[in-house]
$ cat start-v3.txt   # compact mmCIF, C-alpha atoms
# COMPACT_ATOMS: atom_id res chain seq x y z
CA MET A 460 40.58 -0.83 124.26
CA PRO A 461 44.21 -0.04 123.39
CA LEU A 462 46.73 0.74 126.10
CA VAL A 463 48.98 3.79 126.19
CA THR A 464 52.15 3.90 128.25
CA MET A 465 54.02 7.10 129.01
CA THR A 466 56.06 8.86 131.66
CA VAL A 467 54.22 11.69 133.39
CA ASN A 468 56.15 13.99 135.69
CA GLY A 469 58.82 11.31 136.07
CA LEU A 470 56.44 8.47 136.90
CA PRO A 471 55.37 5.65 134.57
CA ALA A 472 51.68 5.58 133.66
CA THR A 473 49.66 3.07 131.63
CA ARG A 474 45.97 3.47 130.85
CA GLU A 475 43.33 2.05 128.53
CA VAL A 476 42.05 4.69 126.13
CA GLU A 477 39.80 4.96 123.09
CA GLY A 478 41.21 6.06 119.74
CA ARG A 479 39.41 9.37 120.14
CA THR A 480 40.57 10.03 123.73
CA LEU A 481 42.40 13.35 123.86
CA LEU A 482 45.65 13.66 125.76
CA VAL A 483 44.04 16.25 128.03
CA GLN A 484 41.22 13.82 128.87
CA LEU A 485 43.73 11.12 129.75
CA LEU A 486 45.64 13.52 132.00
CA ARG A 487 42.58 14.94 133.77
CA GLU A 488 40.18 12.00 133.87
CA GLY A 489 42.53 9.02 133.57
CA LEU A 490 45.37 10.22 135.78
CA GLY A 491 43.53 12.77 137.94
CA LEU A 492 45.96 15.54 136.96
CA THR A 493 43.39 18.32 136.80
CA GLY A 494 45.94 21.13 136.87
CA THR A 495 45.95 21.05 133.06
CA HIS A 496 42.87 23.06 132.13
CA VAL A 497 40.47 22.83 129.21
CA GLY A 498 39.63 26.39 128.26
CA CYS A 499 38.28 26.46 124.72
CA ASP A 500 38.76 22.85 123.54
CA THR A 501 39.44 24.26 120.08
CA GLY A 502 43.19 24.85 120.28
CA GLN A 503 42.98 28.61 120.60
CA CYS A 504 43.48 29.41 124.31
CA GLY A 505 46.55 27.44 125.40
CA ALA A 506 45.24 26.63 128.92
CA CYS A 507 46.00 22.94 128.25
CA VAL A 508 49.66 23.33 127.28
CA VAL A 509 51.91 20.55 128.59
CA HIS A 510 55.44 19.48 127.65
CA LEU A 511 55.81 16.48 125.34
CA ASP A 512 59.44 15.35 125.23
CA GLY A 513 60.40 18.88 126.28
CA ARG A 514 58.29 20.75 123.73
CA PRO A 515 55.06 22.66 124.44
CA VAL A 516 51.93 21.07 122.96
CA LYS A 517 48.21 21.70 123.36
CA ALA A 518 46.86 18.62 125.11
CA CYS A 519 43.39 19.23 123.62
CA LEU A 520 44.83 18.99 120.08
CA MET A 521 46.54 15.66 120.51
CA LEU A 522 45.20 12.14 120.82
CA ALA A 523 46.31 10.21 123.90
CA LEU A 524 47.60 7.25 121.86
CA GLU A 525 49.96 9.61 120.03
CA ALA A 526 51.83 10.07 123.31
CA GLU A 527 52.86 6.39 123.44
CA GLY A 528 56.36 6.20 124.93
CA ALA A 529 56.56 9.95 125.45
CA ASN A 530 57.89 11.89 128.40
CA LEU A 531 55.22 14.33 129.59
CA ARG A 532 55.38 17.13 132.08
CA THR A 533 52.35 18.93 133.44
CA ILE A 534 51.87 21.82 135.84
CA GLU A 535 51.85 19.27 138.70
CA GLY A 536 55.48 18.55 137.87
CA MET A 537 56.65 22.17 137.96
CA ALA A 538 57.07 22.85 141.69
CA ASN A 539 60.35 22.22 143.49
CA PRO A 540 60.81 18.69 144.88
CA ASP A 541 59.99 19.96 148.41
CA GLY A 542 56.65 21.30 147.17
CA SER A 543 57.65 24.97 147.22
CA LEU A 544 57.01 27.07 144.13
CA SER A 545 59.60 27.05 141.36
CA PRO A 546 61.22 30.42 140.55
CA LEU A 547 58.89 30.87 137.56
CA GLN A 548 55.78 30.09 139.62
CA GLN A 549 56.99 32.36 142.42
CA ALA A 550 57.56 35.16 139.91
CA PHE A 551 53.95 34.85 138.67
CA ARG A 552 52.83 35.20 142.29
CA ASP A 553 55.19 38.08 143.12
CA HIS A 554 54.30 40.09 140.01
CA HIS A 555 50.56 39.35 139.98
CA GLY A 556 50.86 37.37 136.75
CA LEU A 557 47.46 35.82 137.49
CA GLN A 558 44.05 36.86 138.67
CA CYS A 559 41.47 34.10 138.23
CA GLY A 560 44.26 31.60 137.53
CA PHE A 561 42.48 29.59 134.85
CA CYS A 562 45.07 30.26 132.11
CA THR A 563 48.00 30.02 134.53
CA PRO A 564 48.93 26.33 134.05
CA GLY A 565 49.25 26.88 130.30
CA MET A 566 51.08 30.18 130.80
CA ILE A 567 53.60 28.57 133.16
CA MET A 568 54.21 25.62 130.85
CA MET A 569 54.60 27.85 127.79
CA ALA A 570 56.88 30.26 129.66
CA ALA A 571 58.99 27.39 130.99
CA ALA A 572 59.40 26.08 127.43
CA LEU A 573 60.52 29.52 126.29
CA LEU A 574 63.07 29.94 129.09
CA ALA A 575 64.48 26.45 128.45
CA ASP A 576 65.25 27.51 124.84
CA ASN A 577 66.01 31.15 125.44
CA PRO A 578 67.04 31.92 129.04
CA LYS A 579 67.03 35.72 128.58
CA PRO A 580 64.21 36.60 126.19
CA ASP A 581 63.36 40.24 125.56
CA ALA A 582 59.81 41.50 126.04
CA ARG A 583 59.02 41.13 122.32
CA GLU A 584 60.13 37.49 122.35
CA VAL A 585 58.04 36.79 125.46
CA ARG A 586 54.94 38.29 123.86
CA ASP A 587 55.53 36.42 120.59
CA HIS A 588 55.94 33.16 122.46
CA LEU A 589 52.64 33.67 124.29
CA GLU A 590 50.76 34.20 121.02
CA GLY A 591 48.75 31.01 121.56
CA ASN A 592 47.95 31.57 125.25
CA LEU A 593 44.93 33.69 126.10
CA CYS A 594 44.36 35.48 129.43
CA ARG A 595 41.13 37.42 129.96
CA CYS A 596 42.12 38.98 133.31
CA THR A 597 45.59 40.43 133.41
CA GLY A 598 45.97 42.17 130.07
CA TYR A 599 49.22 40.17 129.85
CA GLN A 600 51.39 42.96 131.21
CA ASN A 601 52.04 41.30 134.56
CA ILE A 602 52.57 37.93 132.91
CA VAL A 603 55.33 39.42 130.77
CA ARG A 604 56.78 41.11 133.87
CA ALA A 605 56.75 37.81 135.77
CA ILE A 606 58.53 35.92 132.99
CA LEU A 607 61.17 38.65 132.64
CA ALA A 608 61.69 38.58 136.42
CA ALA A 609 61.96 34.78 136.43
CA SER A 610 64.69 35.07 133.79
CA GLY A 611 66.66 37.37 136.07
CA GLN A 612 65.80 40.54 134.16
CA GLU A 613 64.21 43.81 135.14
CA PRO A 614 60.40 43.34 135.04
CA ALA A 615 59.93 46.96 133.93
CA LEU A 616 61.41 45.90 130.57
CA ALA A 617 57.89 44.60 129.86
CA GLU A 618 56.98 48.20 129.08
CA THR A 619 59.63 48.42 126.36
CA MET B 74 34.19 13.37 118.26
CA TYR B 75 32.69 10.26 116.77
CA ALA B 76 34.53 7.08 117.72
CA PHE B 77 37.31 5.87 115.43
CA GLU B 78 40.17 3.44 115.48
CA LEU B 79 43.60 5.07 115.74
CA VAL B 80 46.53 3.18 114.26
CA ARG B 81 50.15 4.27 114.33
CA PRO B 82 52.25 2.44 111.71
CA GLY B 83 56.04 2.59 111.78
CA THR B 84 56.67 2.53 108.03
CA VAL B 85 55.33 4.26 104.91
CA GLU B 86 54.39 0.87 103.41
CA GLU B 87 52.21 -0.02 106.40
CA ALA B 88 50.60 3.43 106.33
CA VAL B 89 49.75 3.09 102.64
CA ALA B 90 48.18 -0.33 103.26
CA LEU B 91 46.16 0.97 106.23
CA LEU B 92 44.96 3.96 104.20
CA ALA B 93 43.69 1.75 101.37
CA SER B 94 40.34 1.33 103.10
CA PRO B 95 37.85 3.99 101.89
CA ASP B 96 36.89 5.33 105.34
CA ALA B 97 40.48 5.73 106.53
CA GLN B 98 42.06 9.16 106.92
CA ALA B 99 45.70 10.14 107.44
CA LEU B 100 46.59 12.14 110.57
CA GLY B 101 49.61 14.45 110.43
CA GLY B 102 50.10 16.75 113.41
CA GLY B 103 46.36 17.05 113.88
CA GLN B 104 46.31 20.80 114.49
CA THR B 105 43.59 21.23 111.87
CA LEU B 106 42.13 17.73 111.66
CA ILE B 107 41.46 17.27 115.41
CA PRO B 108 39.38 20.48 115.64
CA ALA B 109 37.51 19.33 112.51
CA LEU B 110 36.83 15.94 114.11
CA LYS B 111 35.56 17.65 117.26
CA GLN B 112 33.10 19.63 115.13
CA ARG B 113 32.08 16.35 113.48
CA LEU B 114 33.03 17.76 110.09
CA ALA B 115 34.76 14.46 109.31
CA ARG B 116 33.81 10.94 110.28
CA PRO B 117 36.67 8.53 109.52
CA ALA B 118 36.35 4.97 110.80
CA ARG B 119 40.11 4.73 111.01
CA LEU B 120 42.71 7.41 111.59
CA VAL B 121 46.20 6.50 110.41
CA SER B 122 48.71 8.53 112.41
CA LEU B 123 51.89 9.31 110.51
CA SER B 124 53.75 10.48 113.63
CA GLY B 125 55.44 7.12 114.26
CA ILE B 126 57.14 6.94 110.83
CA ALA B 127 60.79 7.88 111.32
CA ALA B 128 61.50 7.80 107.57
CA ILE B 129 59.36 10.88 106.85
CA LYS B 130 60.85 13.11 109.52
CA GLY B 131 63.85 15.39 109.45
CA VAL B 132 65.32 18.00 107.13
CA THR B 133 68.37 17.42 104.92
CA ALA B 134 70.32 19.64 102.56
CA SER B 135 72.60 18.74 99.67
CA GLY B 136 73.62 20.27 96.35
CA GLY B 137 71.34 23.31 96.53
CA THR B 138 68.27 21.31 97.53
CA VAL B 139 66.59 21.24 100.93
CA THR B 140 64.47 18.14 101.48
CA VAL B 141 61.87 18.32 104.22
CA GLY B 142 60.25 15.09 105.41
CA GLY B 143 56.47 15.12 105.10
CA GLY B 144 56.24 14.49 108.83
CA ALA B 145 58.68 17.24 109.83
CA THR B 146 57.09 19.68 112.26
CA HIS B 147 57.11 23.44 111.73
CA ALA B 148 59.46 23.78 114.72
CA GLU B 149 61.87 21.25 113.19
CA VAL B 150 61.93 23.11 109.87
CA ALA B 151 62.36 26.48 111.60
CA ALA B 152 65.45 25.15 113.38
CA ALA B 153 66.92 22.78 110.79
CA ALA B 154 66.58 24.97 107.68
CA ALA B 155 67.72 28.21 109.35
CA ARG B 156 71.10 28.13 107.58
CA THR B 157 70.26 26.21 104.42
CA TYR B 158 66.99 27.94 103.45
CA PRO B 159 66.44 30.88 105.82
CA ALA B 160 63.26 32.18 104.12
CA LEU B 161 61.61 28.77 104.51
CA ALA B 162 62.77 28.47 108.12
CA ALA B 163 61.44 31.95 108.92
CA LEU B 164 58.05 31.09 107.41
CA ALA B 165 57.86 27.84 109.42
CA GLY B 166 58.81 29.68 112.60
CA ARG B 167 55.83 32.01 112.27
CA ILE B 168 53.08 29.47 111.58
CA GLY B 169 50.45 29.39 114.33
CA ASP B 170 51.99 29.53 117.79
CA PRO B 171 54.80 27.57 119.51
CA ALA B 172 52.53 24.68 120.56
CA VAL B 173 51.08 24.35 117.06
CA ARG B 174 54.61 24.37 115.65
CA SER B 175 55.52 21.46 117.95
CA ARG B 176 52.91 19.21 116.30
CA GLY B 177 51.88 20.59 112.90
CA THR B 178 53.67 19.11 109.89
CA ILE B 179 54.46 20.31 106.37
CA GLY B 180 52.78 17.27 104.86
CA GLY B 181 49.60 17.89 106.81
CA SER B 182 49.54 21.56 105.88
CA LEU B 183 50.04 20.90 102.16
CA ALA B 184 47.54 18.02 102.01
CA ASN B 185 44.92 20.26 103.65
CA ASN B 186 45.74 23.27 101.41
CA ASP B 187 43.94 25.81 103.58
CA PRO B 188 43.65 29.02 101.52
CA SER B 189 45.28 30.93 104.40
CA ALA B 190 48.12 28.47 105.10
CA CYS B 191 51.70 29.71 104.76
CA TYR B 192 53.49 26.62 103.42
CA PRO B 193 51.69 26.48 100.04
CA ALA B 194 53.23 29.89 99.18
CA ALA B 195 56.75 28.61 99.88
CA VAL B 196 56.21 25.42 97.90
CA LEU B 197 54.72 27.19 94.87
CA ALA B 198 57.19 30.10 94.82
CA SER B 199 60.19 27.81 95.26
CA GLY B 200 59.01 25.49 92.49
CA ALA B 201 59.31 22.63 94.96
CA THR B 202 58.47 18.98 94.30
CA VAL B 203 55.96 17.10 96.46
CA VAL B 204 57.00 13.47 96.91
CA THR B 205 54.50 10.68 97.66
CA PRO B 206 55.04 6.89 97.78
CA ALA B 207 53.74 6.61 94.20
CA ARG B 208 55.11 9.67 92.38
CA GLU B 209 56.57 13.15 92.40
CA ILE B 210 54.30 16.14 91.83
CA ALA B 211 55.57 19.56 90.69
CA ALA B 212 54.28 22.45 92.81
CA ASP B 213 52.62 23.99 89.74
CA ASP B 214 50.49 20.82 89.40
CA PHE B 215 49.85 20.19 93.10
CA PHE B 216 47.47 22.92 94.27
CA ARG B 217 43.96 22.60 92.83
CA GLY B 218 42.03 25.34 94.61
CA MET B 219 40.78 25.86 98.16
CA PHE B 220 41.30 22.66 100.22
CA ALA B 221 41.96 20.70 97.01
CA THR B 222 45.22 19.11 95.83
CA ALA B 223 46.47 16.61 93.28
CA LEU B 224 46.74 13.94 95.99
CA ALA B 225 44.63 10.83 95.43
CA ASP B 226 42.62 9.31 98.29
CA GLY B 227 45.03 7.69 100.74
CA GLU B 228 48.10 9.25 99.09
CA ILE B 229 50.46 10.76 101.67
CA ILE B 230 53.30 13.26 101.38
CA THR B 231 56.59 11.64 102.32
CA ALA B 232 58.85 14.60 101.47
CA VAL B 233 59.02 18.02 99.84
CA ARG B 234 62.13 18.93 97.84
CA PHE B 235 62.93 22.65 97.68
CA PRO B 236 65.51 23.95 95.19
CA VAL B 237 67.07 26.76 97.24
CA PRO B 238 66.52 30.10 95.44
CA VAL B 239 69.22 32.72 94.96
CA ARG B 240 67.21 35.06 97.19
CA ALA B 241 63.84 34.63 98.84
CA ALA B 242 61.57 36.02 101.55
CA TYR B 243 58.04 35.62 102.87
CA MET B 244 55.92 38.44 104.24
CA LYS B 245 52.45 38.11 105.66
CA PHE B 246 49.90 40.56 106.94
CA VAL B 247 48.03 38.76 109.68
CA GLN B 248 44.47 39.06 110.85
CA PRO B 249 45.13 40.28 114.40
CA ALA B 250 42.88 37.81 116.26
CA SER B 251 43.40 34.56 114.36
CA ARG B 252 46.92 35.45 113.15
CA PHE B 253 46.14 33.76 109.85
CA ALA B 254 47.43 35.57 106.78
CA LEU B 255 45.06 38.08 105.20
CA ALA B 256 47.71 38.16 102.52
CA GLY B 257 51.02 36.31 102.48
CA VAL B 258 53.56 36.59 99.67
CA PHE B 259 56.59 34.40 99.06
CA VAL B 260 59.06 35.82 96.56
CA ALA B 261 61.85 33.61 95.18
CA GLN B 262 64.55 34.70 92.76
CA THR B 263 65.77 31.62 90.88
CA PRO B 264 68.22 31.23 87.98
CA ALA B 265 65.17 30.75 85.71
CA GLY B 266 63.43 33.93 86.85
CA VAL B 267 61.44 35.26 89.77
CA ARG B 268 58.44 33.38 91.18
CA VAL B 269 55.83 35.08 93.36
CA ALA B 270 53.23 33.00 95.22
CA VAL B 271 50.32 34.51 97.13
CA THR B 272 48.39 32.86 99.97
CA GLY B 273 45.55 33.99 102.22
CA ALA B 274 44.06 36.34 99.65
CA ALA B 275 42.28 34.41 96.91
CA GLU B 276 39.11 32.32 96.86
CA ALA B 277 40.97 29.70 94.81
CA GLY B 278 43.80 29.42 97.35
CA VAL B 279 47.48 29.90 96.65
CA PHE B 280 48.33 31.36 93.22
CA ARG B 281 51.27 32.73 91.24
CA TRP B 282 51.15 36.45 90.54
CA THR B 283 52.63 36.47 87.06
CA ALA B 284 52.53 40.27 86.52
CA ALA B 285 54.80 40.75 89.55
CA GLU B 286 57.01 37.88 88.42
CA ALA B 287 57.60 39.58 85.07
CA ALA B 288 58.34 42.95 86.66
CA LEU B 289 60.74 41.43 89.19
CA THR B 290 62.48 39.19 86.67
CA ALA B 291 63.24 42.36 84.68
CA ASP B 292 64.47 44.22 87.77
CA PHE B 293 64.51 42.67 91.27
CA ARG B 294 63.80 45.78 93.35
CA PRO B 295 60.81 46.75 95.53
CA GLU B 296 60.26 49.74 93.23
CA SER B 297 59.49 47.34 90.36
CA VAL B 298 56.19 46.37 92.00
CA ARG B 299 55.27 49.70 93.59
CA GLY B 300 51.75 50.54 92.48
CA LEU B 301 51.26 47.09 90.98
CA VAL B 302 48.10 45.45 92.38
CA PRO B 303 46.52 42.14 91.32
CA PRO B 304 42.85 42.17 90.23
CA ALA B 305 40.44 42.28 93.20
CA ARG B 306 38.16 39.85 91.38
CA GLY B 307 38.54 36.39 92.95
CA MET B 308 40.00 37.76 96.18
CA ILE B 309 38.36 36.73 99.46
CA GLY B 310 35.96 39.30 100.93
CA ASP B 311 34.86 38.90 104.55
CA ILE B 312 34.45 40.93 107.76
CA HIS B 313 38.23 41.17 108.08
CA ALA B 314 39.05 42.60 104.66
CA SER B 315 37.40 43.39 101.34
CA PRO B 316 38.69 41.90 98.08
CA GLU B 317 40.12 45.32 97.13
CA TYR B 318 41.98 45.60 100.44
CA ARG B 319 43.40 42.11 100.13
CA ALA B 320 44.56 42.89 96.58
CA HIS B 321 46.24 46.04 97.88
CA LEU B 322 47.93 44.06 100.66
CA VAL B 323 49.31 41.58 98.12
CA GLY B 324 51.12 44.43 96.38
CA VAL B 325 52.50 45.81 99.64
CA MET B 326 53.59 42.39 100.96
CA THR B 327 55.30 41.63 97.63
CA ALA B 328 57.35 44.84 97.80
CA ARG B 329 58.26 44.10 101.43
CA ALA B 330 59.29 40.53 100.57
CA VAL B 331 61.53 41.80 97.76
CA ALA B 332 63.10 44.31 100.14
CA ALA B 333 63.71 41.57 102.71
CA ALA B 334 65.05 38.95 100.27
$ encode --input "start-v3.txt" --output "structure tokens"
Amino acid sequence: MPLVTMTVNGLPATREVEGRTLLVQLLREGLGLTGTHVGCDTGQCGACVVHLDGRPVKACLMLALEAEGANLRTIEGMANPDGSLSPLQQAFRDHHGLQCGFCTPGMIMMAAALLADNPKPDAREVRDHLEGNLCRCTGYQNIVRAILAASGQEPALAET
Amino acid sequence: MYAFELVRPGTVEEAVALLASPDAQALGGGQTLIPALKQRLARPARLVSLSGIAAIKGVTASGGTVTVGGGATHAEVAAAAARTYPALAALAGRIGDPAVRSRGTIGGSLANNDPSACYPAAVLASGATVVTPAREIAADDFFRGMFATALADGEIITAVRFPVPVRAAYMKFVQPASRFALAGVFVAQTPAGVRVAVTGAAEAGVFRWTAAEAALTADFRPESVRGLVPPARGMIGDIHASPEYRAHLVGVMTARAVAAA
């Protein structure tokens, strides 16, 4: 079987994969990084979003071999180096941006990608950016509040 | 997914050679093809990924022409064409969602020719040229109905050349759950006249709405197409919208695109 070599959360990783192995399967089953979730497996829900060379991608819509040489970041790489929650993660906790938590890894990765490009998004931009991330618990309101708070803005702007 | 071999050539020449085998299939960004493979709607023995070919990436502009590499992602086009062809960049920036825009490519979208895809409207309205390793295909000759194009088996899109219109805009009315266009209209005013291309609405896929083109060539104002509606015959009818409603939306989106151009 072919080998794929990549950097995952700053560490080198090499694994044997099949042509049809999805990136999300490699992460979860090959590398044991089960924080990246498989929600729908059809590309609709966004629970599997990871960063590929700094850009958000759905790990269930990409073949593992396509990530050859890439720099990947998953939810496991989002906490502070001392293990405490990053400001974005802490904001999700403080503002109840999660209930069951299943969509949260994808939400955090997608929100982090947004804030890297646009450090002070307005509520409209936050909602647009989350178009491909589904949450069946929160009604999104507290997720938008959390992201606004993480960007140093008033969370109540989510209602605007 | 059925098992397949995945190969990732570095040049167009290698890709063409690898695609010569009858059960080989090209892979662009995979945002449509991978779901289709999961549903076992396709069974290629070999998938030839185009993502490792540097020569078909990027967006360049010179002399009133914007050239988009066949492997350029929607996100790349949204960023790189923002100044040189803003209507095209705006369309690319609203395809799918941010993760889809990171992977999906213009070449993949055009080769698939989904009747609800956005890019075919831009290509047809702009009068763009689709470039393959073997030839150049005018937009008017490229689209051959729903999921059908002029591409031969194994023929890949290396670039798309857009003559930048004088004014242009794209407006779509999205189905609220899938966010695919129920009707999307790209209007381009060119020195040779106005071109209007409609996606999302018709059974036969993207088409030019010549009645609106004539009205707008005579007078490029939203009022010129007020009340003008294409025939409902041939429009898609499903649980989301009837043919008559889609035809109505085409008229409304056309007027909005003219106002925005």
$ closest_residue --input "start-v3.txt" --among "A:Ile534, A:Ala550, A:Leu557, A:Ala570" --to "chain B" --atoms "all atoms listed in the file"
A:Ala570
$ atom_distance --input "start-v3.txt" --atom1 "atom CA of B:Asp226" --atom2 "atom CA of B:Arg176"
23.0 Å
$ closest_residue --input "start-v3.txt" --among "B:Leu106, B:Ala148, B:Val258, B:Ala97" --to "B:Asp170" --atoms "all atoms listed in the file"
B:Ala148
$ atom_distance --input "start-v3.txt" --atom1 "atom CA of B:Gly181" --atom2 "atom CA of B:Gly143"
7.6 Å
$ interface_residues --input "start-v3.txt" --of "chain B" --to "chain A" --cutoff "10 Å" --atoms "all atoms listed in the file" --output "number ranges by chain"
B: 74-81, 102-112, 119-120, 122-125, 148, 167, 169-176, 250-252
$ atom_distance --input "start-v3.txt" --atom1 "atom CA of B:Ala145" --atom2 "atom CA of B:Ala232"
8.8 Å
$ residues_around --input "start-v3.txt" --residues "B:Ile126" --least-positions-apart "4" --cutoff "8 Å" --atoms "only C-alpha atoms" --output "list in words"
Pro82, Gly83, Thr84, Val85, Lys130 and Gly144 of chain B
$ closest_residue --input "start-v3.txt" --among "B:Thr327, B:Ser135, B:Asn186, B:Ser94" --to "B:Val269" --atoms "all atoms listed in the file"
B:Thr327
$ residues_near_point --input "start-v3.txt" --point "(42.0, 0.8, 129.7)" --cutoff "6 Å" --atoms "all atoms listed in the file" --output "PDB file with C-alpha atoms, keeping the file's coordinate frame"
ATOM      1  CA  MET A 460      40.580  -0.830 124.260  1.00  0.00           C
ATOM      2  CA  LEU A 462      46.730   0.740 126.100  1.00  0.00           C
ATOM      3  CA  ARG A 474      45.970   3.470 130.850  1.00  0.00           C
ATOM      4  CA  GLU A 475      43.330   2.050 128.530  1.00  0.00           C
ATOM      5  CA  VAL A 476      42.050   4.690 126.130  1.00  0.00           C
TER       6      VAL A 476
END
